[in-house]
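Worksheet: the structure to be examined is printed underneath.
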Amino acid sequence: GAGTNINMSSNQFQGRVPLMASDMYRFRKHPKHVIGYSVLTHNSTGINLTARNSGLLGVIPQYNNPGKEDYVGQYNYKSSLNEIWAGLTYAYSLSSHISFGITNFAAYRVQSMEQSYVARVNPQIGQLYTDSGITLLNASDIQTIQFSNIRAFSKLGMALDFNKLKIGMALTTSSINLGGTAVIARDFTSSNVNSSGTNIATYFTQKGGMYDAITQGSAYDGNDGQNTVKTTYKSPLSISVGVEYTIGKTTLTASVEWFQQIAIYNLATPVQN
């Protein structure tokens, strides 16, 4: 692609202020019982990067093609992520100091990734490649993934309020996968690229045939895509605690959260053809 140690640049970064809509209802005859709902944007981000490199560069190993070649390479990367949570809540006030509640959430997650590189090399007149009838080397790799998934989980919480001292605790269950699909596609081509790194001079001396030496095993063309790959996304069990303490006009706060480890798994596994 663009090469190594090349800075990526972009003027397109996707980011939205998290949005939330919620409401609650307290029963008049049973004021200690409260029900509610919430819909919120949990995550919304994206990035679009590109890098390009061109000029006279020594791309082909010197022992195969002394001198520099006319090179053009470009790398592109684009990704986005959006996740929306929708939840139903029930809460109960045990006393003026203690209350607890539970919210059952459904989470809808959508991700996409597009990645590609293109590289072209034009040997100059008088070099070994052009003298052998090869005027262009090229390679490209284009990858596309579109991912969607729905999962469910619950949050159980307790709040303690003693005026100056407030304590909150929550337990988030590990998620249950409800399903989803992914689209995965890739296209790869390579032509006249000596991918084996064979020393052409040695090959030519031993077996003859300069063109064969340069191009042996160098042409590749692959294309595949699947549109209904099943997806899995997991969120872990977690426990969090927050404390707030007021001293005069000063309020001190602290919080901590523990997440259970999740074993490595596949988000989507294409079917072997």
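Ordered as shown in the structure tokens, chains take letters A, B, and onward, while each chain numbers its residues from 1 and ligands are numbered from 1 in the order shown.
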
Skipping near chain neighbours, those fewer than 5 positions away, what residues fall within 8 Å of range 74-78 of chain A using only C-alpha atoms, listed as a PyMOL selection string? chain A and resi 1-2+46-53+113-119

Write the selection just made, keeping N, CA, C and O atoms, as a tab-separated table (two decimals), in the first residue's frame?
```
chain	number	residue	atom	x	y	z
A	1	GLY	N	0.81	-1.19	0.00
A	1	GLY	CA	0.00	0.00	0.00
A	1	GLY	C	0.84	1.24	0.00
A	1	GLY	O	1.73	1.40	-0.82
A	2	ALA	N	0.57	2.15	0.94
A	2	ALA	CA	1.29	3.41	0.99
A	2	ALA	C	2.71	3.23	1.50
A	2	ALA	O	3.56	4.09	1.31
A	46	GLY	N	-16.82	7.04	14.46
A	46	GLY	CA	-16.34	6.56	13.16
A	46	GLY	C	-15.09	7.31	12.76
A	46	GLY	O	-14.74	8.35	13.34
A	47	ILE	N	-14.41	6.78	11.76
A	47	ILE	CA	-13.17	7.39	11.29
A	47	ILE	C	-12.96	7.03	9.83
A	47	ILE	O	-13.38	5.97	9.37
A	48	ASN	N	-12.31	7.93	9.11
A	48	ASN	CA	-12.03	7.72	7.69
A	48	ASN	C	-10.60	8.19	7.44
A	48	ASN	O	-10.30	9.39	7.53
A	49	LEU	N	-9.69	7.26	7.16
A	49	LEU	CA	-8.27	7.58	7.01
A	49	LEU	C	-7.76	7.18	5.64
A	49	LEU	O	-8.25	6.24	5.02
A	50	THR	N	-6.76	7.92	5.17
A	50	THR	CA	-6.13	7.57	3.90
A	50	THR	C	-4.66	7.99	3.92
A	50	THR	O	-4.28	8.94	4.62
A	51	ALA	N	-3.84	7.25	3.19
A	51	ALA	CA	-2.42	7.59	3.05
A	51	ALA	C	-2.00	7.23	1.63
A	51	ALA	O	-2.44	6.21	1.07
A	52	ARG	N	-1.15	8.07	1.06
A	52	ARG	CA	-0.71	7.86	-0.33
A	52	ARG	C	0.78	8.12	-0.42
A	52	ARG	O	1.32	9.03	0.22
A	53	ASN	N	1.45	7.33	-1.24
A	53	ASN	CA	2.88	7.47	-1.43
A	53	ASN	C	3.20	7.24	-2.91
A	53	ASN	O	2.69	6.30	-3.52
A	113	MET	N	-16.68	-1.78	8.34
A	113	MET	CA	-15.26	-1.54	8.11
A	113	MET	C	-14.96	-1.77	6.64
A	113	MET	O	-15.39	-2.76	6.05
A	114	GLU	N	-14.26	-0.81	6.06
A	114	GLU	CA	-13.79	-0.94	4.68
A	114	GLU	C	-12.30	-0.64	4.68
A	114	GLU	O	-11.86	0.40	5.18
A	115	GLN	N	-11.53	-1.54	4.11
A	115	GLN	CA	-10.09	-1.40	4.09
A	115	GLN	C	-9.57	-1.81	2.71
A	115	GLN	O	-9.98	-2.84	2.17
A	116	SER	N	-8.68	-1.00	2.16
A	116	SER	CA	-8.17	-1.33	0.83
A	116	SER	C	-6.76	-0.77	0.65
A	116	SER	O	-6.40	0.24	1.26
A	117	TYR	N	-5.99	-1.47	-0.16
A	117	TYR	CA	-4.71	-0.91	-0.59
A	117	TYR	C	-4.51	-1.23	-2.06
A	117	TYR	O	-4.96	-2.27	-2.57
A	118	VAL	N	-3.86	-0.33	-2.74
A	118	VAL	CA	-3.53	-0.49	-4.15
A	118	VAL	C	-2.07	-0.09	-4.32
A	118	VAL	O	-1.64	0.95	-3.80
A	119	ALA	N	-1.30	-0.89	-5.04
A	119	ALA	CA	0.11	-0.58	-5.29
A	119	ALA	C	0.44	-0.91	-6.74
A	119	ALA	O	0.09	-1.99	-7.23
```

Env of range 177-179 of chain A: 8 Å cut, atoms = only C-alpha atoms, seq-sep filter 6 positions within chain, self excluded. Answer as JSON, numbers by chain. {"A": [149, 150, 151, 152, 230, 231, 232, 233, 234]}

DSSP on the backbone, then: every residue of range 12-144 of chain A marked helix (DSSP H, G or I), written as JSON, numbers by chain. {"A": [128, 129, 130, 131]}

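Look at Ser238 in chain A: the protein and nucleic acid residues within 6 Å of it, using only C-alpha atoms and passing over chain neighbours fewer than 6 places away, are A:Leu171, A:Thr172, A:Trp258, A:Phe259.
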
Write a file of the just-selected residues containing N, CA, C and O atoms, as a PDB file, in the first residue's frame.
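out.pdb, written as the output of this step:
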```pdb
ATOM      1  N   LEU A 171     -25.129  -4.056  39.381  1.00  0.00           N
ATOM      2  CA  LEU A 171     -24.643  -5.292  38.789  1.00  0.00           C
ATOM      3  C   LEU A 171     -25.228  -5.403  37.388  1.00  0.00           C
ATOM      4  O   LEU A 171     -26.455  -5.346  37.222  1.00  0.00           O
ATOM      5  N   THR A 172     -24.350  -5.531  36.395  1.00  0.00           N
ATOM      6  CA  THR A 172     -24.784  -5.695  35.011  1.00  0.00           C
ATOM      7  C   THR A 172     -24.533  -7.133  34.594  1.00  0.00           C
ATOM      8  O   THR A 172     -23.397  -7.618  34.674  1.00  0.00           O
ATOM      9  N   TRP A 258     -15.748  -3.334  38.121  1.00  0.00           N
ATOM     10  CA  TRP A 258     -15.026  -4.559  37.784  1.00  0.00           C
ATOM     11  C   TRP A 258     -15.749  -5.259  36.645  1.00  0.00           C
ATOM     12  O   TRP A 258     -16.985  -5.365  36.638  1.00  0.00           O
ATOM     13  N   PHE A 259     -14.973  -5.741  35.657  1.00  0.00           N
ATOM     14  CA  PHE A 259     -15.535  -6.459  34.517  1.00  0.00           C
ATOM     15  C   PHE A 259     -14.994  -7.881  34.487  1.00  0.00           C
ATOM     16  O   PHE A 259     -13.779  -8.087  34.613  1.00  0.00           O
TER      17      PHE A 259
END
```

Residues near range 249-254 of chain A, anyone? I mean within 12 Å using only C-alpha atoms, not counting same-chain ones fewer than 3 positions away, as a JSON list (two decimals) with all heavy atoms, in the first residue's frame.
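Wrote selection34.json, looks like this:
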```
[["chain", "number", "residue", "atom", "x", "y", "z"],
["A", 163, "ASN", "N", -28.21, 11.55, 53.41],
["A", 163, "ASN", "CA", -27.95, 12.99, 53.34],
["A", 163, "ASN", "C", -26.54, 13.28, 52.84],
["A", 163, "ASN", "O", -26.30, 13.32, 51.64],
["A", 163, "ASN", "CB", -28.20, 13.65, 54.69],
["A", 163, "ASN", "CG", -29.66, 13.53, 55.11],
["A", 163, "ASN", "OD1", -30.56, 13.63, 54.27],
["A", 163, "ASN", "ND2", -29.92, 13.31, 56.39],
["A", 164, "LYS", "N", -25.56, 13.45, 53.73],
["A", 164, "LYS", "CA", -24.20, 13.78, 53.30],
["A", 164, "LYS", "C", -23.52, 12.62, 52.59],
["A", 164, "LYS", "O", -22.66, 12.82, 51.74],
["A", 164, "LYS", "CB", -23.36, 14.20, 54.50],
["A", 164, "LYS", "CG", -23.78, 15.52, 55.12],
["A", 164, "LYS", "CD", -22.82, 15.90, 56.24],
["A", 164, "LYS", "CE", -23.20, 17.25, 56.84],
["A", 164, "LYS", "NZ", -22.24, 17.65, 57.90],
["A", 165, "LEU", "N", -23.91, 11.41, 52.92],
["A", 165, "LEU", "CA", -23.29, 10.23, 52.33],
["A", 165, "LEU", "C", -24.29, 9.52, 51.42],
["A", 165, "LEU", "O", -25.40, 9.19, 51.83],
["A", 165, "LEU", "CB", -22.83, 9.26, 53.41],
["A", 165, "LEU", "CG", -22.25, 7.92, 52.93],
["A", 165, "LEU", "CD1", -20.97, 8.15, 52.12],
["A", 165, "LEU", "CD2", -22.00, 7.00, 54.11],
["A", 166, "LYS", "N", -23.85, 9.28, 50.18],
["A", 166, "LYS", "CA", -24.68, 8.56, 49.21],
["A", 166, "LYS", "C", -23.83, 7.45, 48.59],
["A", 166, "LYS", "O", -22.68, 7.67, 48.23],
["A", 166, "LYS", "CB", -25.21, 9.50, 48.13],
["A", 166, "LYS", "CG", -26.13, 10.60, 48.63],
["A", 166, "LYS", "CD", -26.59, 11.50, 47.50],
["A", 166, "LYS", "CE", -27.59, 12.54, 47.98],
["A", 166, "LYS", "NZ", -26.99, 13.45, 48.99],
["A", 167, "ILE", "N", -24.44, 6.28, 48.47],
["A", 167, "ILE", "CA", -23.74, 5.13, 47.91],
["A", 167, "ILE", "C", -24.63, 4.48, 46.85],
["A", 167, "ILE", "O", -25.83, 4.25, 47.09],
["A", 167, "ILE", "CB", -23.38, 4.09, 48.99],
["A", 167, "ILE", "CG1", -22.52, 4.73, 50.08],
["A", 167, "ILE", "CG2", -22.66, 2.90, 48.38],
["A", 167, "ILE", "CD1", -22.26, 3.82, 51.27],
["A", 168, "GLY", "N", -24.05, 4.16, 45.73],
["A", 168, "GLY", "CA", -24.78, 3.47, 44.66],
["A", 168, "GLY", "C", -24.05, 2.22, 44.23],
["A", 168, "GLY", "O", -22.81, 2.22, 44.14],
["A", 240, "SER", "N", -20.30, -2.44, 39.80],
["A", 240, "SER", "CA", -19.79, -1.08, 40.01],
["A", 240, "SER", "C", -20.30, -0.53, 41.34],
["A", 240, "SER", "O", -21.38, -0.89, 41.82],
["A", 240, "SER", "CB", -20.22, -0.16, 38.87],
["A", 240, "SER", "OG", -21.64, -0.12, 38.76],
["A", 241, "VAL", "N", -19.49, 0.35, 41.92],
["A", 241, "VAL", "CA", -19.83, 1.02, 43.18],
["A", 241, "VAL", "C", -19.42, 2.48, 43.07],
["A", 241, "VAL", "O", -18.33, 2.80, 42.57],
["A", 241, "VAL", "CB", -19.11, 0.37, 44.38],
["A", 241, "VAL", "CG1", -19.44, 1.12, 45.67],
["A", 241, "VAL", "CG2", -19.47, -1.10, 44.51],
["A", 242, "GLY", "N", -20.29, 3.35, 43.52],
["A", 242, "GLY", "CA", -19.99, 4.78, 43.54],
["A", 242, "GLY", "C", -20.33, 5.37, 44.90],
["A", 242, "GLY", "O", -21.31, 4.97, 45.54],
["A", 243, "VAL", "N", -19.49, 6.30, 45.36],
["A", 243, "VAL", "CA", -19.67, 6.93, 46.67],
["A", 243, "VAL", "C", -19.59, 8.44, 46.51],
["A", 243, "VAL", "O", -18.74, 8.96, 45.77],
["A", 243, "VAL", "CB", -18.60, 6.45, 47.67],
["A", 243, "VAL", "CG1", -18.81, 7.13, 49.03],
["A", 243, "VAL", "CG2", -18.64, 4.94, 47.83],
["A", 244, "GLU", "N", -20.48, 9.12, 47.21],
["A", 244, "GLU", "CA", -20.48, 10.59, 47.23],
["A", 244, "GLU", "C", -20.59, 11.07, 48.67],
["A", 244, "GLU", "O", -21.45, 10.60, 49.43],
["A", 244, "GLU", "CB", -21.65, 11.13, 46.40],
["A", 244, "GLU", "CG", -21.77, 12.65, 46.42],
["A", 244, "GLU", "CD", -22.99, 13.14, 45.66],
["A", 244, "GLU", "OE1", -23.10, 12.84, 44.45],
["A", 244, "GLU", "OE2", -23.84, 13.81, 46.30],
["A", 245, "TYR", "N", -19.72, 12.03, 49.05],
["A", 245, "TYR", "CA", -19.74, 12.55, 50.42],
["A", 245, "TYR", "C", -19.58, 14.06, 50.37],
["A", 245, "TYR", "O", -18.68, 14.58, 49.70],
["A", 245, "TYR", "CB", -18.63, 11.93, 51.26],
["A", 245, "TYR", "CG", -18.71, 12.29, 52.72],
["A", 245, "TYR", "CD1", -19.69, 11.73, 53.53],
["A", 245, "TYR", "CD2", -17.81, 13.20, 53.27],
["A", 245, "TYR", "CE1", -19.78, 12.07, 54.88],
["A", 245, "TYR", "CE2", -17.89, 13.54, 54.62],
["A", 245, "TYR", "CZ", -18.89, 12.97, 55.42],
["A", 245, "TYR", "OH", -18.98, 13.31, 56.75],
["A", 246, "THR", "N", -20.47, 14.75, 51.08],
["A", 246, "THR", "CA", -20.48, 16.20, 51.08],
["A", 246, "THR", "C", -19.90, 16.75, 52.39],
["A", 246, "THR", "O", -20.31, 16.36, 53.48],
["A", 246, "THR", "CB", -21.91, 16.74, 50.90],
["A", 246, "THR", "OG1", -22.45, 16.23, 49.66],
["A", 246, "THR", "CG2", -21.91, 18.26, 50.86],
["A", 257, "GLU", "N", -15.37, 0.07, 38.94],
["A", 257, "GLU", "CA", -16.16, -0.97, 38.27],
["A", 257, "GLU", "C", -15.26, -2.13, 37.89],
["A", 257, "GLU", "O", -14.14, -1.93, 37.40],
["A", 257, "GLU", "CB", -16.86, -0.42, 37.03],
["A", 257, "GLU", "CG", -17.82, -1.42, 36.39],
["A", 257, "GLU", "CD", -18.73, -0.79, 35.36],
["A", 257, "GLU", "OE1", -18.52, 0.39, 35.01],
["A", 257, "GLU", "OE2", -19.67, -1.47, 34.90]]
```

Nearest residue to Gln272 in chain A out of A:Ile98, A:Val229, A:Ile239, A:Ala170, using only C-alpha atoms? A:Val229

To test your reading of the structure, identify every residue in range 23-228 of chain A that backbone DSSP assigns to strand (DSSP E or B), and report it as a tab-separated table (two decimals) with C-alpha atoms, in the first residue's frame.
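In the end it all went to states_31.tsv:
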```tsv
chain	number	residue	atom	x	y	z
A	23	ASP	CA	-39.68	8.88	31.32
A	24	MET	CA	-41.08	7.32	34.50
A	25	TYR	CA	-44.46	6.77	36.13
A	26	ARG	CA	-45.16	6.61	39.85
A	33	HIS	CA	-43.34	1.63	43.01
A	34	VAL	CA	-42.00	3.30	39.86
A	35	ILE	CA	-41.82	2.09	36.26
A	36	GLY	CA	-40.07	3.77	33.37
A	37	TYR	CA	-38.38	3.46	30.02
A	38	SER	CA	-35.21	4.77	28.41
A	39	VAL	CA	-33.72	4.89	24.92
A	40	LEU	CA	-30.14	6.06	24.59
A	41	THR	CA	-27.24	6.23	22.17
A	42	HIS	CA	-24.57	4.25	23.99
A	43	ASN	CA	-21.88	4.60	21.33
A	44	SER	CA	-21.58	6.46	18.05
A	45	THR	CA	-18.20	6.96	16.42
A	46	GLY	CA	-16.34	6.56	13.16
A	47	ILE	CA	-13.17	7.39	11.29
A	48	ASN	CA	-12.03	7.72	7.69
A	49	LEU	CA	-8.27	7.58	7.01
A	50	THR	CA	-6.13	7.57	3.90
A	51	ALA	CA	-2.42	7.59	3.05
A	52	ARG	CA	-0.71	7.86	-0.33
A	53	ASN	CA	2.88	7.47	-1.43
A	54	SER	CA	4.34	7.97	-4.90
A	55	GLY	CA	7.62	8.72	-6.66
A	56	LEU	CA	10.82	7.03	-7.73
A	57	LEU	CA	11.46	4.41	-5.06
A	69	GLU	CA	11.00	2.32	-10.10
A	70	ASP	CA	8.01	4.60	-10.58
A	71	TYR	CA	5.75	3.69	-7.65
A	72	VAL	CA	2.21	4.65	-6.64
A	73	GLY	CA	0.56	3.22	-3.52
A	74	GLN	CA	-2.51	4.12	-1.50
A	75	TYR	CA	-4.12	2.78	1.66
A	76	ASN	CA	-7.69	3.57	2.79
A	77	TYR	CA	-9.44	2.71	6.03
A	78	LYS	CA	-13.00	3.57	7.04
A	79	SER	CA	-14.96	2.33	10.06
A	80	SER	CA	-18.10	3.29	11.95
A	81	LEU	CA	-19.90	2.08	15.08
A	82	ASN	CA	-23.39	2.82	16.36
A	83	GLU	CA	-25.08	1.19	19.34
A	84	ILE	CA	-28.50	2.00	20.76
A	85	TRP	CA	-29.94	0.73	24.06
A	86	ALA	CA	-33.64	0.50	24.89
A	87	GLY	CA	-34.70	-0.45	28.43
A	88	LEU	CA	-37.70	-0.97	30.71
A	89	THR	CA	-37.23	-0.17	34.41
A	90	TYR	CA	-38.90	-1.08	37.67
A	91	ALA	CA	-37.82	0.59	40.93
A	92	TYR	CA	-38.96	0.25	44.54
A	93	SER	CA	-38.29	2.55	47.48
A	98	ILE	CA	-32.82	2.73	50.56
A	99	SER	CA	-34.15	1.94	47.09
A	100	PHE	CA	-33.41	-0.59	44.38
A	101	GLY	CA	-34.37	-1.26	40.80
A	102	ILE	CA	-33.86	-3.36	37.69
A	103	THR	CA	-33.67	-2.41	34.02
A	104	ASN	CA	-33.90	-4.93	31.20
A	105	PHE	CA	-32.06	-3.71	28.11
A	106	ALA	CA	-32.02	-4.68	24.45
A	107	ALA	CA	-28.96	-3.39	22.57
A	108	TYR	CA	-28.75	-2.97	18.79
A	109	ARG	CA	-25.18	-2.69	17.47
A	110	VAL	CA	-24.15	-1.82	13.89
A	111	GLN	CA	-20.52	-1.76	12.73
A	112	SER	CA	-18.85	-1.43	9.35
A	113	MET	CA	-15.26	-1.54	8.11
A	114	GLU	CA	-13.79	-0.94	4.68
A	115	GLN	CA	-10.09	-1.40	4.09
A	116	SER	CA	-8.17	-1.33	0.83
A	117	TYR	CA	-4.71	-0.91	-0.59
A	118	VAL	CA	-3.53	-0.49	-4.15
A	119	ALA	CA	0.11	-0.58	-5.29
A	120	ARG	CA	1.53	-0.17	-8.80
A	121	VAL	CA	5.13	-0.26	-9.98
A	122	ASN	CA	6.38	0.80	-13.41
A	137	LEU	CA	3.52	-4.77	-11.46
A	138	ASN	CA	0.39	-4.31	-9.42
A	139	ALA	CA	-1.39	-5.62	-6.35
A	140	SER	CA	-4.64	-4.71	-4.63
A	141	ASP	CA	-6.63	-5.94	-1.65
A	142	ILE	CA	-10.16	-4.71	-0.84
A	143	GLN	CA	-11.97	-5.88	2.31
A	144	THR	CA	-15.52	-5.01	3.43
A	145	ILE	CA	-17.39	-5.99	6.60
A	146	GLN	CA	-20.90	-4.91	7.65
A	147	PHE	CA	-21.98	-6.21	11.05
A	148	SER	CA	-25.24	-6.01	13.00
A	149	ASN	CA	-26.29	-7.70	16.25
A	150	ILE	CA	-28.97	-7.62	18.94
A	151	ARG	CA	-28.31	-8.74	22.52
A	152	ALA	CA	-30.10	-8.48	25.87
A	153	PHE	CA	-28.86	-7.88	29.42
A	154	SER	CA	-30.07	-6.50	32.76
A	155	LYS	CA	-28.85	-3.94	35.27
A	156	LEU	CA	-29.71	-4.33	38.96
A	157	GLY	CA	-29.01	-1.38	41.20
A	158	MET	CA	-29.29	-0.22	44.80
A	159	ALA	CA	-29.05	3.33	46.14
A	160	LEU	CA	-28.35	4.40	49.74
A	161	ASP	CA	-29.00	8.02	50.68
A	162	PHE	CA	-27.96	9.27	54.12
A	165	LEU	CA	-23.29	10.23	52.33
A	166	LYS	CA	-24.68	8.56	49.21
A	167	ILE	CA	-23.74	5.13	47.91
A	168	GLY	CA	-24.78	3.47	44.66
A	169	MET	CA	-24.19	-0.11	43.55
A	170	ALA	CA	-25.01	-1.85	40.27
A	171	LEU	CA	-24.64	-5.29	38.79
A	172	THR	CA	-24.78	-5.70	35.01
A	176	ILE	CA	-27.57	-12.97	25.89
A	177	ASN	CA	-27.03	-13.07	22.14
A	178	LEU	CA	-30.31	-12.68	20.24
A	179	GLY	CA	-28.84	-12.83	16.75
A	181	THR	CA	-26.06	-10.95	10.41
A	182	ALA	CA	-22.87	-9.81	8.71
A	183	VAL	CA	-21.79	-9.16	5.14
A	184	ILE	CA	-18.15	-10.09	4.51
A	185	ALA	CA	-16.40	-9.61	1.17
A	186	ARG	CA	-12.83	-9.53	-0.10
A	187	ASP	CA	-11.17	-9.09	-3.47
A	188	PHE	CA	-7.43	-9.64	-3.98
A	189	THR	CA	-5.33	-9.41	-7.13
A	190	SER	CA	-1.59	-9.57	-7.80
A	191	SER	CA	0.25	-9.54	-11.10
A	220	TYR	CA	-3.16	-14.22	-8.01
A	221	ASP	CA	-6.83	-13.42	-8.23
A	222	GLY	CA	-9.26	-14.12	-5.41
A	223	ASN	CA	-12.81	-12.96	-4.78
A	224	ASP	CA	-15.37	-14.10	-2.24
A	225	GLY	CA	-18.32	-12.71	-0.32
A	226	GLN	CA	-21.05	-13.93	2.02
A	227	ASN	CA	-24.20	-11.99	2.87
A	228	THR	CA	-25.88	-13.89	5.70
```

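If only C-alpha atoms are the atoms counted, then among A:Ile134, A:Gly58, A:Gly180, A:Ile262 the closest residue to Pro236 in chain A is A:Ile262.
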
What is the CA of Pro123 in chain A-CA of Leu136 in chain A distance in Å, reported with one decimal? 6.9 Å

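Rounded to one decimal, CA of Ala21 in chain A and CA of Leu237 in chain A lie 25.2 Å from each other.
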